[in-house]
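The data block below is my_file-v8.pdb; it holds PDB, C-alpha atoms.
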```pdb
ATOM      1  CA  MET A   1      -3.232   2.402  -0.501
ATOM      2  CA  PHE A   2      -2.274   3.432   3.039
ATOM      3  CA  GLY A   3       1.294   4.765   2.914
ATOM      4  CA  TYR A   4       3.010   2.102   5.026
ATOM      5  CA  LEU A   5       5.435   0.727   2.399
ATOM      6  CA  LYS A   6       8.527   2.793   3.157
ATOM      7  CA  PRO A   7      12.287   2.191   3.274
ATOM      8  CA  ASP A   8      14.295   1.811   6.451
ATOM      9  CA  ASN A   9      16.198   5.049   5.837
ATOM     10  CA  PRO A  10      19.276   4.484   8.046
ATOM     11  CA  TYR A  11      20.054   1.406   5.943
ATOM     12  CA  LEU A  12      19.218   2.996   2.588
ATOM     13  CA  TYR A  13      22.058   3.697   0.151
ATOM     14  CA  LEU A  14      22.284   7.312  -1.013
ATOM     15  CA  LYS A  15      21.663   6.231  -4.605
ATOM     16  CA  ASP A  16      18.488   4.436  -3.551
ATOM     17  CA  GLU A  17      17.247   7.376  -1.500
ATOM     18  CA  THR A  18      17.569   9.527  -4.629
ATOM     19  CA  LEU A  19      15.842   6.858  -6.713
ATOM     20  CA  TYR A  20      12.994   6.471  -4.213
ATOM     21  CA  LYS A  21      12.306  10.211  -4.137
ATOM     22  CA  ALA A  22      12.487  10.372  -7.937
ATOM     23  CA  LEU A  23      10.009   7.505  -8.285
ATOM     24  CA  TYR A  24       7.660   9.178  -5.807
ATOM     25  CA  CYS A  25       7.737  12.414  -7.801
ATOM     26  CA  GLY A  26       7.400  10.465 -11.055
ATOM     27  CA  ILE A  27       4.164   8.835  -9.897
ATOM     28  CA  CYS A  28       2.904  12.254  -8.801
ATOM     29  CA  LYS A  29       3.558  13.629 -12.304
ATOM     30  CA  SER A  30       1.952  10.527 -13.814
ATOM     31  CA  ILE A  31      -1.226  10.990 -11.772
ATOM     32  CA  GLY A  32      -1.463  14.525 -13.126
ATOM     33  CA  LYS A  33      -1.119  13.298 -16.692
ATOM     34  CA  VAL A  34      -3.764  10.552 -16.529
ATOM     35  CA  CYS A  35      -6.237  11.808 -13.908
ATOM     36  CA  GLY A  36      -5.733  15.559 -13.518
ATOM     37  CA  GLN A  37      -4.012  17.717 -10.928
ATOM     38  CA  ILE A  38      -6.306  17.388  -7.910
ATOM     39  CA  PRO A  39      -5.883  13.591  -7.521
ATOM     40  CA  ARG A  40      -2.138  14.120  -7.060
ATOM     41  CA  MET A  41      -2.935  14.838  -3.404
ATOM     42  CA  THR A  42      -3.764  11.126  -2.965
ATOM     43  CA  LEU A  43      -0.213   9.942  -3.699
ATOM     44  CA  THR A  44       1.204   7.552  -1.102
ATOM     45  CA  PHE A  45       4.655   6.075  -0.438
ATOM     46  CA  ASP A  46       3.261   2.691  -1.450
ATOM     47  CA  MET A  47       3.248   3.703  -5.104
ATOM     48  CA  ALA A  48       6.943   4.630  -5.078
ATOM     49  CA  PHE A  49       7.600   1.046  -3.999
ATOM     50  CA  MET A  50       5.203  -0.254  -6.664
ATOM     51  CA  SER A  51       7.066   1.744  -9.282
ATOM     52  CA  ALA A  52      10.448   0.438  -8.117
ATOM     53  CA  ILE A  53       9.441  -3.224  -8.142
ATOM     54  CA  SER A  54       7.368  -2.954 -11.334
ATOM     55  CA  HIS A  55      10.187  -1.395 -13.356
ATOM     56  CA  ASN A  56      12.506  -4.003 -11.890
ATOM     57  CA  ILE A  57      10.403  -7.069 -12.688
ATOM     58  CA  LEU A  58       9.368  -5.777 -16.119
ATOM     59  CA  GLY A  59      12.972  -4.907 -16.983
ATOM     60  CA  VAL A  60      12.222  -1.280 -17.883
ATOM     61  CA  ASP A  61      14.912   1.173 -16.833
ATOM     62  CA  ILE A  62      14.064   4.538 -15.312
ATOM     63  CA  THR A  63      15.047   7.894 -16.771
ATOM     64  CA  ILE A  64      15.585  10.586 -14.130
ATOM     65  CA  ASN A  65      15.524  14.292 -14.957
ATOM     66  CA  LYS A  66      15.751  17.331 -12.714
ATOM     67  CA  GLU A  67      12.485  19.273 -12.722
ATOM     68  CA  ARG A  68      10.435  21.749 -10.739
ATOM     69  CA  CYS A  69       6.852  21.190  -9.623
ATOM     70  CA  ILE A  70       4.106  23.038  -7.760
ATOM     71  CA  ALA A  71       5.290  21.731  -4.402
ATOM     72  CA  HIS A  72       8.977  22.374  -5.147
ATOM     73  CA  HIS A  73       8.992  25.299  -7.568
ATOM     74  CA  ILE A  74      12.273  26.926  -6.534
ATOM     75  CA  LYS A  75      14.829  24.136  -6.685
ATOM     76  CA  LYS A  76      14.793  21.366  -9.275
ATOM     77  CA  ARG A  77      14.460  17.846  -7.923
ATOM     78  CA  PRO A  78      15.190  14.407  -9.431
ATOM     79  CA  VAL A  79      11.998  13.131 -11.071
ATOM     80  CA  ALA A  80      11.502   9.769 -12.777
ATOM     81  CA  LYS A  81      10.221  10.465 -16.267
ATOM     82  CA  PRO A  82       6.633   9.188 -16.659
ATOM     83  CA  ASP A  83       6.381   6.050 -18.785
ATOM     84  CA  ASP A  84       3.732   3.414 -19.459
ATOM     85  CA  ILE A  85       4.380   1.741 -16.102
ATOM     86  CA  SER A  86       4.189   4.880 -13.981
ATOM     87  CA  LEU A  87       1.155   6.163 -15.874
ATOM     88  CA  MET A  88      -0.643   2.897 -15.141
ATOM     89  CA  LEU A  89       0.403   3.029 -11.490
ATOM     90  CA  GLY A  90      -0.759   6.644 -11.294
ATOM     91  CA  ALA A  91      -4.232   5.514 -12.365
ATOM     92  CA  VAL A  92      -4.107   2.574  -9.933
ATOM     93  CA  ASN A  93      -3.193   4.997  -7.134
ATOM     94  CA  VAL A  94      -6.310   7.066  -7.851
ATOM     95  CA  LEU A  95      -8.553   3.994  -8.042
ATOM     96  CA  LEU A  96      -7.270   2.721  -4.700
ATOM     97  CA  ALA A  97      -7.573   6.163  -3.115
ATOM     98  CA  TYR A  98     -11.155   6.566  -4.301
ATOM     99  CA  TYR A  99     -12.278   3.228  -2.887
ATOM    100  CA  LYS A 100     -10.417   3.930   0.369
ATOM    101  CA  VAL A 101     -12.343   7.190   0.729
ATOM    102  CA  LYS A 102     -15.637   5.456  -0.045
ATOM    103  CA  ASP A 103     -14.791   2.854   2.600
ATOM    104  CA  ASP A 104     -14.029   5.611   5.121
ATOM    105  CA  ILE A 105     -17.451   7.120   4.457
ATOM    106  CA  VAL A 106     -19.076   3.839   5.469
ATOM    107  CA  ASP A 107     -16.801   3.269   8.474
ATOM    108  CA  GLU A 108     -16.440   6.776   9.850
ATOM    109  CA  LYS A 109     -19.245   8.734   8.172
ATOM    110  CA  LYS A 110     -16.712  11.168   6.733
ATOM    111  CA  GLY A 111     -14.903  11.729   3.447
ATOM    112  CA  GLY A 112     -17.885  12.771   1.322
ATOM    113  CA  LEU A 113     -16.211  15.980   0.175
ATOM    114  CA  LYS A 114     -12.987  14.196  -0.724
ATOM    115  CA  SER A 115     -14.990  11.587  -2.633
ATOM    116  CA  SER A 116     -16.684  14.317  -4.676
ATOM    117  CA  VAL A 117     -13.353  15.998  -5.392
ATOM    118  CA  LEU A 118     -11.799  12.715  -6.549
ATOM    119  CA  LYS A 119     -14.743  11.539  -8.636
ATOM    120  CA  ARG A 120     -13.609  13.114 -11.899
ATOM    121  CA  GLY A 121     -10.099  11.668 -11.604
ATOM    122  CA  TYR A 122     -11.557   8.312 -10.588
ATOM    123  CA  LYS A 123     -13.741   8.202 -13.702
ATOM    124  CA  LYS A 124     -10.687   8.854 -15.888
ATOM    125  CA  ALA A 125      -8.748   6.043 -14.181
ATOM    126  CA  LYS A 126     -11.721   3.691 -14.429
ATOM    127  CA  LYS A 127     -12.078   4.392 -18.146
ATOM    128  CA  LEU A 128      -8.417   3.562 -18.715
ATOM    129  CA  TYR A 129      -8.360   0.425 -16.548
ATOM    130  CA  PRO A 130     -11.917  -0.914 -16.088
ATOM    131  CA  LYS A 131     -10.674  -4.396 -15.172
ATOM    132  CA  ILE A 132      -8.533  -3.113 -12.310
ATOM    133  CA  ASP A 133     -11.429  -0.962 -11.117
ATOM    134  CA  GLY A 134     -13.610  -4.094 -11.088
ATOM    135  CA  LEU A 135     -11.012  -6.028  -9.092
ATOM    136  CA  ILE A 136     -10.800  -3.318  -6.446
ATOM    137  CA  ASN A 137     -14.572  -2.947  -6.272
ATOM    138  CA  THR A 138     -15.003  -6.712  -5.771
ATOM    139  CA  CYS A 139     -12.432  -6.636  -2.963
ATOM    140  CA  TYR A 140     -14.293  -3.955  -1.065
ATOM    141  CA  VAL A 141     -17.665  -5.661  -1.575
ATOM    142  CA  ASP A 142     -16.247  -8.912  -0.160
ATOM    143  CA  LEU A 143     -14.524  -7.073   2.665
ATOM    144  CA  ARG A 144     -17.654  -5.162   3.592
ATOM    145  CA  LYS A 145     -19.613  -8.425   3.742
ATOM    146  CA  LEU A 146     -17.122  -9.909   6.219
ATOM    147  CA  GLU A 147     -17.198  -6.745   8.295
ATOM    148  CA  MET A 148     -20.998  -6.771   8.410
ATOM    149  CA  GLU A 149     -20.793 -10.372   9.607
ATOM    150  CA  ASN A 150     -18.441  -9.091  12.344
ATOM    151  CA  SER A 151     -15.927 -11.819  11.517
ATOM    152  CA  SER A 152     -13.154 -12.479  14.008
ATOM    153  CA  SER A 153     -10.950 -14.618  11.741
ATOM    154  CA  VAL A 154      -7.795 -12.687  10.902
ATOM    155  CA  ASP A 155      -6.935 -14.812   7.850
ATOM    156  CA  ILE A 156     -10.453 -14.722   6.411
ATOM    157  CA  VAL A 157     -10.891 -10.961   6.838
ATOM    158  CA  CYS A 158      -7.470 -10.180   5.331
ATOM    159  CA  ASP A 159      -8.127 -12.344   2.288
ATOM    160  CA  PRO A 160     -10.110  -9.895   0.077
ATOM    161  CA  PHE A 161      -7.541  -7.105   0.399
ATOM    162  CA  ALA A 162      -4.638  -9.520  -0.071
ATOM    163  CA  LYS A 163      -6.284 -10.993  -3.168
ATOM    164  CA  MET A 164      -6.888  -7.514  -4.524
ATOM    165  CA  LEU A 165      -3.182  -6.640  -4.456
ATOM    166  CA  GLU A 166      -2.342 -10.056  -5.866
ATOM    167  CA  GLU A 167      -4.676  -9.542  -8.820
ATOM    168  CA  VAL A 168      -3.733  -5.913  -9.402
ATOM    169  CA  SER A 169      -0.052  -6.899  -9.487
ATOM    170  CA  THR A 170      -0.882  -9.552 -12.081
ATOM    171  CA  GLU A 171      -2.462  -6.880 -14.277
ATOM    172  CA  VAL A 172       0.598  -4.671 -13.910
ATOM    173  CA  PHE A 173       3.191  -7.410 -14.542
ATOM    174  CA  LYS A 174       1.251  -9.090 -17.370
ATOM    175  CA  ASP A 175       3.390 -11.926 -18.833
ATOM    176  CA  LYS A 176       6.012 -11.407 -16.098
ATOM    177  CA  ALA A 177       3.493 -12.341 -13.410
ATOM    178  CA  SER A 178       4.079 -15.690 -11.711
ATOM    179  CA  ASP A 179       2.999 -17.675  -8.686
ATOM    180  CA  TYR A 180       5.833 -15.949  -6.829
ATOM    181  CA  THR A 181       4.786 -12.384  -7.729
ATOM    182  CA  ARG A 182       1.217 -13.277  -6.826
ATOM    183  CA  GLY A 183       2.352 -14.793  -3.523
ATOM    184  CA  LEU A 184       4.510 -11.751  -2.805
ATOM    185  CA  PHE A 185       1.695  -9.287  -3.309
ATOM    186  CA  TYR A 186      -0.810 -11.439  -1.451
ATOM    187  CA  GLY A 187       1.561 -11.235   1.523
ATOM    188  CA  ILE A 188       2.051  -7.492   1.094
ATOM    189  CA  GLY A 189      -1.714  -6.990   0.912
ATOM    190  CA  LYS A 190      -2.253  -9.011   4.071
ATOM    191  CA  TRP A 191       0.430  -7.010   5.853
ATOM    192  CA  ILE A 192      -1.028  -3.649   4.789
ATOM    193  CA  TYR A 193      -4.509  -4.611   5.964
ATOM    194  CA  LEU A 194      -3.264  -5.861   9.334
ATOM    195  CA  ILE A 195      -0.762  -3.071  10.008
ATOM    196  CA  ASP A 196      -3.536  -0.560   9.357
ATOM    197  CA  ALA A 197      -5.814  -2.435  11.780
ATOM    198  CA  LEU A 198      -3.018  -2.440  14.347
ATOM    199  CA  ASP A 199      -2.211   1.251  13.851
ATOM    200  CA  ASP A 200      -5.881   2.289  14.059
ATOM    201  CA  TYR A 201      -6.815  -0.033  16.935
ATOM    202  CA  ASP A 202      -7.719   2.622  19.508
ATOM    203  CA  LYS A 203      -9.299   4.927  16.926
ATOM    204  CA  ASP A 204     -11.499   2.130  15.600
ATOM    205  CA  ILE A 205     -12.671   1.218  19.094
ATOM    206  CA  LYS A 206     -13.494   4.849  19.874
ATOM    207  CA  LYS A 207     -15.486   5.284  16.672
ATOM    208  CA  GLY A 208     -17.078   1.858  16.720
ATOM    209  CA  SER A 209     -15.468   0.938  13.391
ATOM    210  CA  PHE A 210     -14.732  -2.637  12.435
ATOM    211  CA  ASN A 211     -11.297  -3.908  13.462
ATOM    212  CA  VAL A 212     -10.488  -7.582  13.019
ATOM    213  CA  LEU A 213      -7.822  -7.541  15.746
ATOM    214  CA  TYR A 214     -10.337  -6.220  18.244
ATOM    215  CA  ASN A 215     -12.803  -8.919  17.185
ATOM    216  CA  ALA A 216     -10.104 -11.569  17.557
ATOM    217  CA  TYR A 217      -8.758 -10.492  20.972
ATOM    218  CA  LYS A 218     -11.475  -8.277  22.530
ATOM    219  CA  GLU A 219      -8.990  -6.011  24.291
ATOM    220  CA  ASN A 220     -10.334  -2.524  25.068
ATOM    221  CA  SER A 221      -7.099  -0.668  24.218
ATOM    222  CA  PHE A 222      -4.009  -1.005  22.073
ATOM    223  CA  VAL A 223      -1.814  -1.127  25.157
ATOM    224  CA  ASN A 224      -3.797  -4.086  26.512
ATOM    225  CA  LEU A 225      -3.693  -5.809  23.133
ATOM    226  CA  ILE A 226       0.104  -5.648  23.041
ATOM    227  CA  SER A 227       0.538  -6.374  26.762
ATOM    228  CA  ASN A 228      -1.609  -9.502  26.671
ATOM    229  CA  HIS A 229      -1.078 -10.796  23.135
ATOM    230  CA  LYS A 230       2.331  -9.518  22.048
ATOM    231  CA  GLN A 231       3.610 -12.975  21.134
ATOM    232  CA  ASP A 232       0.508 -13.749  19.082
ATOM    233  CA  ILE A 233       0.834 -10.458  17.199
ATOM    234  CA  PHE A 234       4.528 -11.046  16.499
ATOM    235  CA  TYR A 235       3.725 -14.583  15.349
ATOM    236  CA  ILE A 236       1.134 -13.334  12.840
ATOM    237  CA  PHE A 237       3.467 -10.729  11.378
ATOM    238  CA  SER A 238       6.508 -13.037  11.370
ATOM    239  CA  GLY A 239       4.555 -15.457   9.189
ATOM    240  CA  ILE A 240       3.801 -12.652   6.748
ATOM    241  CA  PHE A 241       7.458 -11.563   6.683
ATOM    242  CA  SER A 242       8.475 -15.137   5.850
ATOM    243  CA  GLN A 243       5.895 -15.371   3.070
ATOM    244  CA  ILE A 244       7.124 -12.110   1.543
ATOM    245  CA  ALA A 245      10.802 -13.106   1.743
ATOM    246  CA  GLU A 246      10.236 -16.637   0.415
ATOM    247  CA  ASN A 247       8.354 -15.424  -2.643
ATOM    248  CA  PHE A 248      10.675 -12.519  -3.383
ATOM    249  CA  LYS A 249      13.802 -14.673  -3.427
ATOM    250  CA  ASN A 250      12.299 -16.631  -6.341
ATOM    251  CA  ILE A 251      11.564 -13.528  -8.427
ATOM    252  CA  GLU A 252      14.094 -12.481 -11.058
ATOM    253  CA  THR A 253      15.023  -8.821 -10.735
ATOM    254  CA  LYS A 254      16.842  -6.730 -13.328
ATOM    255  CA  PHE A 255      18.308  -3.691 -11.573
ATOM    256  CA  ASN A 256      17.801  -1.237  -8.699
ATOM    257  CA  THR A 257      17.176  -4.264  -6.493
ATOM    258  CA  ASP A 258      18.691  -2.749  -3.343
ATOM    259  CA  LEU A 259      15.780  -0.328  -2.871
ATOM    260  CA  VAL A 260      13.170  -3.072  -3.194
ATOM    261  CA  VAL A 261      15.105  -5.361  -0.835
ATOM    262  CA  ASN A 262      15.382  -2.583   1.743
ATOM    263  CA  ILE A 263      11.622  -1.955   1.749
ATOM    264  CA  LEU A 264      10.640  -5.637   1.819
ATOM    265  CA  THR A 265      13.175  -6.954   4.308
ATOM    266  CA  ARG A 266      13.853  -3.905   6.487
ATOM    267  CA  GLY A 267      11.136  -1.315   5.892
ATOM    268  CA  ILE A 268       8.151  -3.598   6.475
ATOM    269  CA  PRO A 269       9.500  -5.156   9.718
ATOM    270  CA  ASN A 270      10.711  -1.738  10.908
ATOM    271  CA  THR A 271       7.289  -0.143  10.417
ATOM    272  CA  THR A 272       5.669  -3.089  12.184
ATOM    273  CA  ASN A 273       8.015  -2.866  15.166
ATOM    274  CA  LYS A 274       7.512   0.900  15.471
ATOM    275  CA  ILE A 275       3.741   0.517  15.649
ATOM    276  CA  ILE A 276       3.888  -2.386  18.093
ATOM    277  CA  SER A 277       6.350  -0.449  20.264
ATOM    278  CA  LYS A 278       3.720   2.221  20.886
ATOM    279  CA  GLY A 279       1.944  -0.373  23.010
ATOM    280  CA  ILE A 280       5.101  -1.783  24.602
ATOM    281  CA  LYS A 281       6.269   1.629  25.880
ATOM    282  CA  ASN A 282       3.265   1.859  28.137
ATOM    283  CA  ASP A 283       3.339  -1.802  29.179
TER     284      ASP A 283
END
```
What is this file in structure tokens?
Amino acid sequence: MFGYLKPDNPYLYLKDETLYKALYCGICKSIGKVCGQIPRMTLTFDMAFMSAISHNILGVDITINKERCIAHHIKKRPVAKPDDISLMLGAVNVLLAYYKVKDDIVDEKKGGLKSSVLKRGYKKAKKLYPKIDGLINTCYVDLRKLEMENSSSVDIVCDPFAKMLEEVSTEVFKDKASDYTRGLFYGIGKWIYLIDALDDYDKDIKKGSFNVLYNAYKENSFVNLISNHKQDIFYIFSGIFSQIAENFKNIETKFNTDLVVNILTRGIPNTTNKIISKGIKND
């Protein structure tokens, strides 16, 4: 995905900081096992969160060992032992990364080399999870259509990406999936799409790339967007925060819940406020 799903570290328990880092390293190891070593460079923080909530909802405990790796070859670090969940998420990470790169090629006319480098790992992930690959592909086809239409509806443009995460989560959770898990990940998907549009606002304008917030408000800079429409932006994101919280409170969790709660209720709003504040500082 995009790397925005992170904890609010000052409010993170020490045990959860260790767990988060171990899950991150565990997904990295899992990517290597299912897709090869090169795709490990695509790992994002989002997948550490996915691992935490997936193990939680599915009721599968995590085994943590101390290991070395290429990036940390001197001192051993806590690493979550790869299991069926993390191996699946490792493949999902590569699928999402590949389609993100392909999308960047269309938007920014760059990323061709990275696409070629990832192709072998992508094919391995696609072979393992063809249905998930199809879901992601459909999302990007639908999204591209809306972008070509130059849509200015925030809700309509967010919908394909939000549905993609909703459907991918259903594949991961299997019989544990529910209307609440689907609603949760629809909200997370909507937030990721919009926070990326907000974060890239000036860059997208400069490069002439599609940005739904620009289409909706027609402001020529991020500073002007926040100065003139701050309340509207906060209103949009507050609605997403409420949707996420309302769905999550109805989901049964097994253990390690504190880390997931921190990311959903503190990390997501904190990241949003940090990005918005870049416009407020210059107001």
ask   = Which residue out of A:Tyr201, A:Asp175, A:Asp133, A:Ile268 has the minimum interatomic distance to Gly3 of chain A when only C-alpha atoms are used?
value = A:Ile268
key: Reference answer for the PyMOL selection byres ((chain A and resi 158) around 10), as a ChimeraX atom specification   = /A:143,146,153-157,159-163,186-187,189-194,212
task = Between A:Asp61, A:Asp258, A:Glu167, A:Glu67, single out the one closest to Asp84 of chain A, counting only C-alpha atoms.
result = A:Asp61
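The gap separating atom CA of Ile280 of chain A from atom CA of Val223 of chain A is 7.0 Å, in Å to one decimal.
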ask   = Counting only C-alpha atoms, what is within 6 Å of Tyr24 of chain A, bar same-chain residues fewer than 3 positions away, as a ChimeraX atom specification?
value = /A:21,27,48
request  = Please evaluate the PyMOL selection byres ((chain A and resi 35) around 8) against the displayed coordinates and give the resulting residues as a ChimeraX atom specification.
outcome  = /A:31-34,36-37,39,90-91,94,120-122,124-125
inquiry  = Env of Ser242 of chain A: 12 Å cut, atoms = all atoms listed in the file, seq-sep filter 2 positions within chain, self excluded. Answer as a ChimeraX atom specification.
reply    = /A:183-184,187-188,191,235-240,244-249,264-265,268-269
